[in-house]
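A short write-up of the structure that comes next.
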Amino acid sequence: MRRLILLIAAFSLLVPACKGNRGGYGPGSAVPVTVGPVKTQESSPSVMVPGVLQVRDKVELRLDEPVKVLSVYANQGDYIEKGTVLAKLSDEEISLRLNQLRAEQVEMATLYEKNLYLLKNRDSLLAERKIDKSQYDGLETETSSNEATLNRVKADIAVEEYKLNHAEIVSPISGVITFRGITSMETINPGQILFTIVDADPILVVFSLTSDEAAGINVGTFLTVSIDDLDGEEYNAQVSYIGPELYQTGKTFEVRGSMPNPSGTLKSGMLATATFTSTKTHRVFVVPDTAVISRGHDKYLYTVIGGVAHKTKIKIRNIYKGAAEISSGLSENDMVVVKGAENLQDGTTVEMWRR
């Protein structure tokens, strides 16, 4: 009987310990992980970077003065060529402003000629006491002001005459009308959006590269673009623009690739992955691909410093044969978690096992 009681007591002591380890790690306990050092090696020729699709051009047509619309010739969804007349405007308001400006021009020209005569003859006029000293001193400034106002009125007349001869709204680009904000016989307000036109053929894939990739890509470089939002469907593109500035955050520069989009299948905002062959190699950091955590286009891993895990955002240059080339986010002496990251959060205490 005494032996049975001792066995029961020993079992009762074991049960809480078993429960405490079931389903996770207790508060303050270290999480066991496998870690490995960051390695360096020569970069592979292939570069794979995340990007996003953008339209090539987009314009919003507005006027800065109230005008009555006589007729509208285009609708939302229409494809139009550059130079297409979209609407006809009334010339009543333009003619009224033009008449007012011409009357102001006559008045200002008369005043300017008068003050110019006084300025040229002010010495004799002052001696003859036909003008006083204050008028004498102010003639030069007043005449210059008259001349500037007269030139401004002449410029405004030229603008209104052009409007009178072109009382219409014309598309400055080719593209699709995505918004029409006017109707016939409506008086539009200054600043009101009349039309929005989008040019999405070709469409652009926009991505960033780190500074050490600058020598390996040029305008005209061929790209393979995989569209994440179309189940990885691939398209061919060519680099059409390389940014001249290096962004200090992340030390990256912008690249744009152009690809045909005649059917309109590709939409602005779609996520994509662009791949190209670099013409230059350089030293890169390499970690096992098991260390990488993906959240859409964002990539992370955990580095360990002083027994504590730190969630670190990285940029991946390429993944091949079980290894990930890291273009930014790591340093040469970093230790990274290669197994067990699923149990970690930023700041978790870890028990390290060497790979």
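Chain labels run A, B, ... following the order of the structure tokens; each chain numbers its residues from 1, and ligands are numbered from 1 in the order shown.
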**Study point:** Shell of 12 Å around Val67 of chain A, only C-alpha atoms, local chain residues under 4 positions omitted, as a list in words
**Key:** Arg62, Leu63, Ala87, Lys88, Leu89, Ser90, Asp91, Glu92, Glu93, Ile94, Ser95, Leu96, Arg97, Lys163, Leu164, Ala167, Glu168, Ile169, Ile182, Ser184, Met185, Glu186, Thr187, Ile188, Asn189, Pro190, Gly191, Gln192 and Leu194 of chain A
Export of the given selection (N, CA and C atoms) as a short mmCIF file (atom, residue, chain, number, x, y, z; two decimals), in the first residue's frame:
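So the final result, stored in again.cif, reads:
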```cif
data_model
loop_
_atom_site.label_atom_id
_atom_site.label_comp_id
_atom_site.auth_asym_id
_atom_site.auth_seq_id
_atom_site.Cartn_x
_atom_site.Cartn_y
_atom_site.Cartn_z
N ARG A 62 -9.03 70.08 -67.25
CA ARG A 62 -9.77 71.09 -66.51
C ARG A 62 -9.65 72.43 -67.24
N LEU A 63 -10.51 73.37 -66.91
CA LEU A 63 -10.39 74.75 -67.37
C LEU A 63 -10.37 75.65 -66.14
N ALA A 87 -15.15 67.92 -76.87
CA ALA A 87 -16.34 68.74 -76.59
C ALA A 87 -16.20 70.10 -77.26
N LYS A 88 -17.32 70.71 -77.60
CA LYS A 88 -17.38 72.06 -78.17
C LYS A 88 -17.87 73.02 -77.10
N LEU A 89 -17.18 74.17 -76.98
CA LEU A 89 -17.51 75.14 -75.95
C LEU A 89 -18.16 76.37 -76.55
N SER A 90 -18.98 77.02 -75.75
CA SER A 90 -19.58 78.29 -76.17
C SER A 90 -18.52 79.37 -76.20
N ASP A 91 -18.61 80.29 -77.20
CA ASP A 91 -17.64 81.38 -77.28
C ASP A 91 -18.20 82.70 -76.76
N GLU A 92 -19.40 82.65 -76.13
CA GLU A 92 -20.02 83.88 -75.63
C GLU A 92 -19.17 84.50 -74.52
N GLU A 93 -18.78 83.67 -73.54
CA GLU A 93 -17.97 84.18 -72.43
C GLU A 93 -16.61 84.64 -72.92
N ILE A 94 -16.05 83.92 -73.88
CA ILE A 94 -14.74 84.29 -74.42
C ILE A 94 -14.83 85.63 -75.14
N SER A 95 -15.87 85.81 -75.94
CA SER A 95 -16.04 87.07 -76.67
C SER A 95 -16.23 88.23 -75.70
N LEU A 96 -16.98 88.00 -74.62
CA LEU A 96 -17.19 89.04 -73.62
C LEU A 96 -15.88 89.44 -72.97
N ARG A 97 -15.07 88.45 -72.56
CA ARG A 97 -13.78 88.76 -71.94
C ARG A 97 -12.86 89.46 -72.93
N LYS A 163 -8.35 81.03 -77.73
CA LYS A 163 -9.51 80.27 -77.24
C LYS A 163 -10.71 80.45 -78.17
N LEU A 164 -10.89 81.67 -78.67
CA LEU A 164 -12.02 81.94 -79.55
C LEU A 164 -11.92 81.11 -80.82
N ALA A 167 -12.41 76.96 -79.57
CA ALA A 167 -13.38 76.83 -78.48
C ALA A 167 -13.82 75.37 -78.36
N GLU A 168 -12.88 74.52 -77.99
CA GLU A 168 -13.14 73.09 -77.91
C GLU A 168 -12.15 72.46 -76.94
N ILE A 169 -12.49 71.29 -76.47
CA ILE A 169 -11.61 70.52 -75.60
C ILE A 169 -11.00 69.40 -76.43
N ILE A 182 -18.77 66.09 -67.72
CA ILE A 182 -19.57 67.18 -68.27
C ILE A 182 -20.67 66.64 -69.17
N SER A 184 -23.76 68.19 -72.25
CA SER A 184 -24.08 69.29 -73.16
C SER A 184 -24.94 70.34 -72.46
N MET A 185 -24.69 71.61 -72.78
CA MET A 185 -25.41 72.78 -72.28
C MET A 185 -25.17 73.03 -70.79
N GLU A 186 -24.13 72.43 -70.24
CA GLU A 186 -23.77 72.65 -68.84
C GLU A 186 -22.70 73.74 -68.76
N THR A 187 -22.79 74.58 -67.75
CA THR A 187 -21.74 75.56 -67.50
C THR A 187 -20.79 74.96 -66.47
N ILE A 188 -19.55 74.78 -66.88
CA ILE A 188 -18.58 74.13 -66.00
C ILE A 188 -17.93 75.14 -65.07
N ASN A 189 -17.51 74.66 -63.91
CA ASN A 189 -16.88 75.51 -62.92
C ASN A 189 -15.36 75.49 -63.08
N PRO A 190 -14.67 76.56 -62.70
CA PRO A 190 -13.21 76.56 -62.76
C PRO A 190 -12.63 75.41 -61.95
N GLY A 191 -11.69 74.67 -62.53
CA GLY A 191 -11.05 73.57 -61.82
C GLY A 191 -11.81 72.26 -61.87
N GLN A 192 -13.02 72.26 -62.40
CA GLN A 192 -13.81 71.03 -62.48
C GLN A 192 -13.15 70.04 -63.44
N LEU A 194 -13.09 67.64 -66.29
CA LEU A 194 -13.96 67.43 -67.45
C LEU A 194 -13.82 66.00 -67.97
#
```
Using only C-alpha atoms, I'd like a table of the residues in segment 313-350 of chain A that come within 12 Å of segment 257-276 of chain A; for each, show the closest atom pair and its distance in Å rounded to one decimal, ordered by chain and ascending number, as a Markdown table.
```
| residue | atom | partner | partner_atom | distance |
| --- | --- | --- | --- | --- |
| A:Ile316 | CA | A:Thr273 | CA | 11.3 |
| A:Arg317 | CA | A:Thr275 | CA | 9.5 |
| A:Asn318 | CA | A:Thr275 | CA | 8.9 |
| A:Ile319 | CA | A:Thr275 | CA | 11.4 |
```
Exercise for review: Taking the chain letters and numbering used in this document, name the residues of segment 101-339 of chain A that DSSP puts in alpha helix (DSSP H), as an MDAnalysis selection string.
Suggested key: chainID A and resid 101:120 122:127 133:165
Pick out the residues sitting within 8 Å of Thr312 of chain A, and hand them over as a PDB file with C-alpha atoms, in the first residue's frame; count only C-alpha atoms, and ignore anything fewer than 2 positions along from it in its own chain.
```pdb
ATOM      1  CA  TYR A 300      11.478  38.970 -43.817  1.00  0.00           C
ATOM      2  CA  LEU A 301      13.765  36.756 -41.787  1.00  0.00           C
ATOM      3  CA  TYR A 302      14.884  36.640 -38.174  1.00  0.00           C
ATOM      4  CA  THR A 303      18.373  37.641 -37.108  1.00  0.00           C
ATOM      5  CA  HIS A 310      14.761  40.379 -34.458  1.00  0.00           C
ATOM      6  CA  ILE A 314      15.006  42.176 -46.589  1.00  0.00           C
ATOM      7  CA  GLY A 329      18.699  44.160 -45.033  1.00  0.00           C
TER       8      GLY A 329
END
```
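Proximity of A:Val304, A:Val205, A:Val284, A:Ile80 to Ala324 of chain A, computed with only C-alpha atoms, is greatest for A:Val284.
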Exercise for review: Kindly give the distance, in Å, that separates atom CA of Val286 of chain A and atom CA of Val35 of chain A, rounded to a single decimal.
Suggested key: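 A separation of 13.6 Å between them.
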Point to revise | Residues flagged strand (DSSP E or B) by DSSP in segment 60-180 of chain A, as a list of chain:residue names | key: A:Glu60, A:Leu61, A:Val67, A:Lys68, A:Val69, A:Leu70, A:Ser71, A:Val72, A:Tyr79, A:Ile80, A:Val85, A:Leu86, A:Ala87, A:Lys88, A:Leu89, A:Glu168, A:Ile169, A:Val170, A:Gly175, A:Val176, A:Ile177, A:Thr178, A:Phe179, A:Arg180
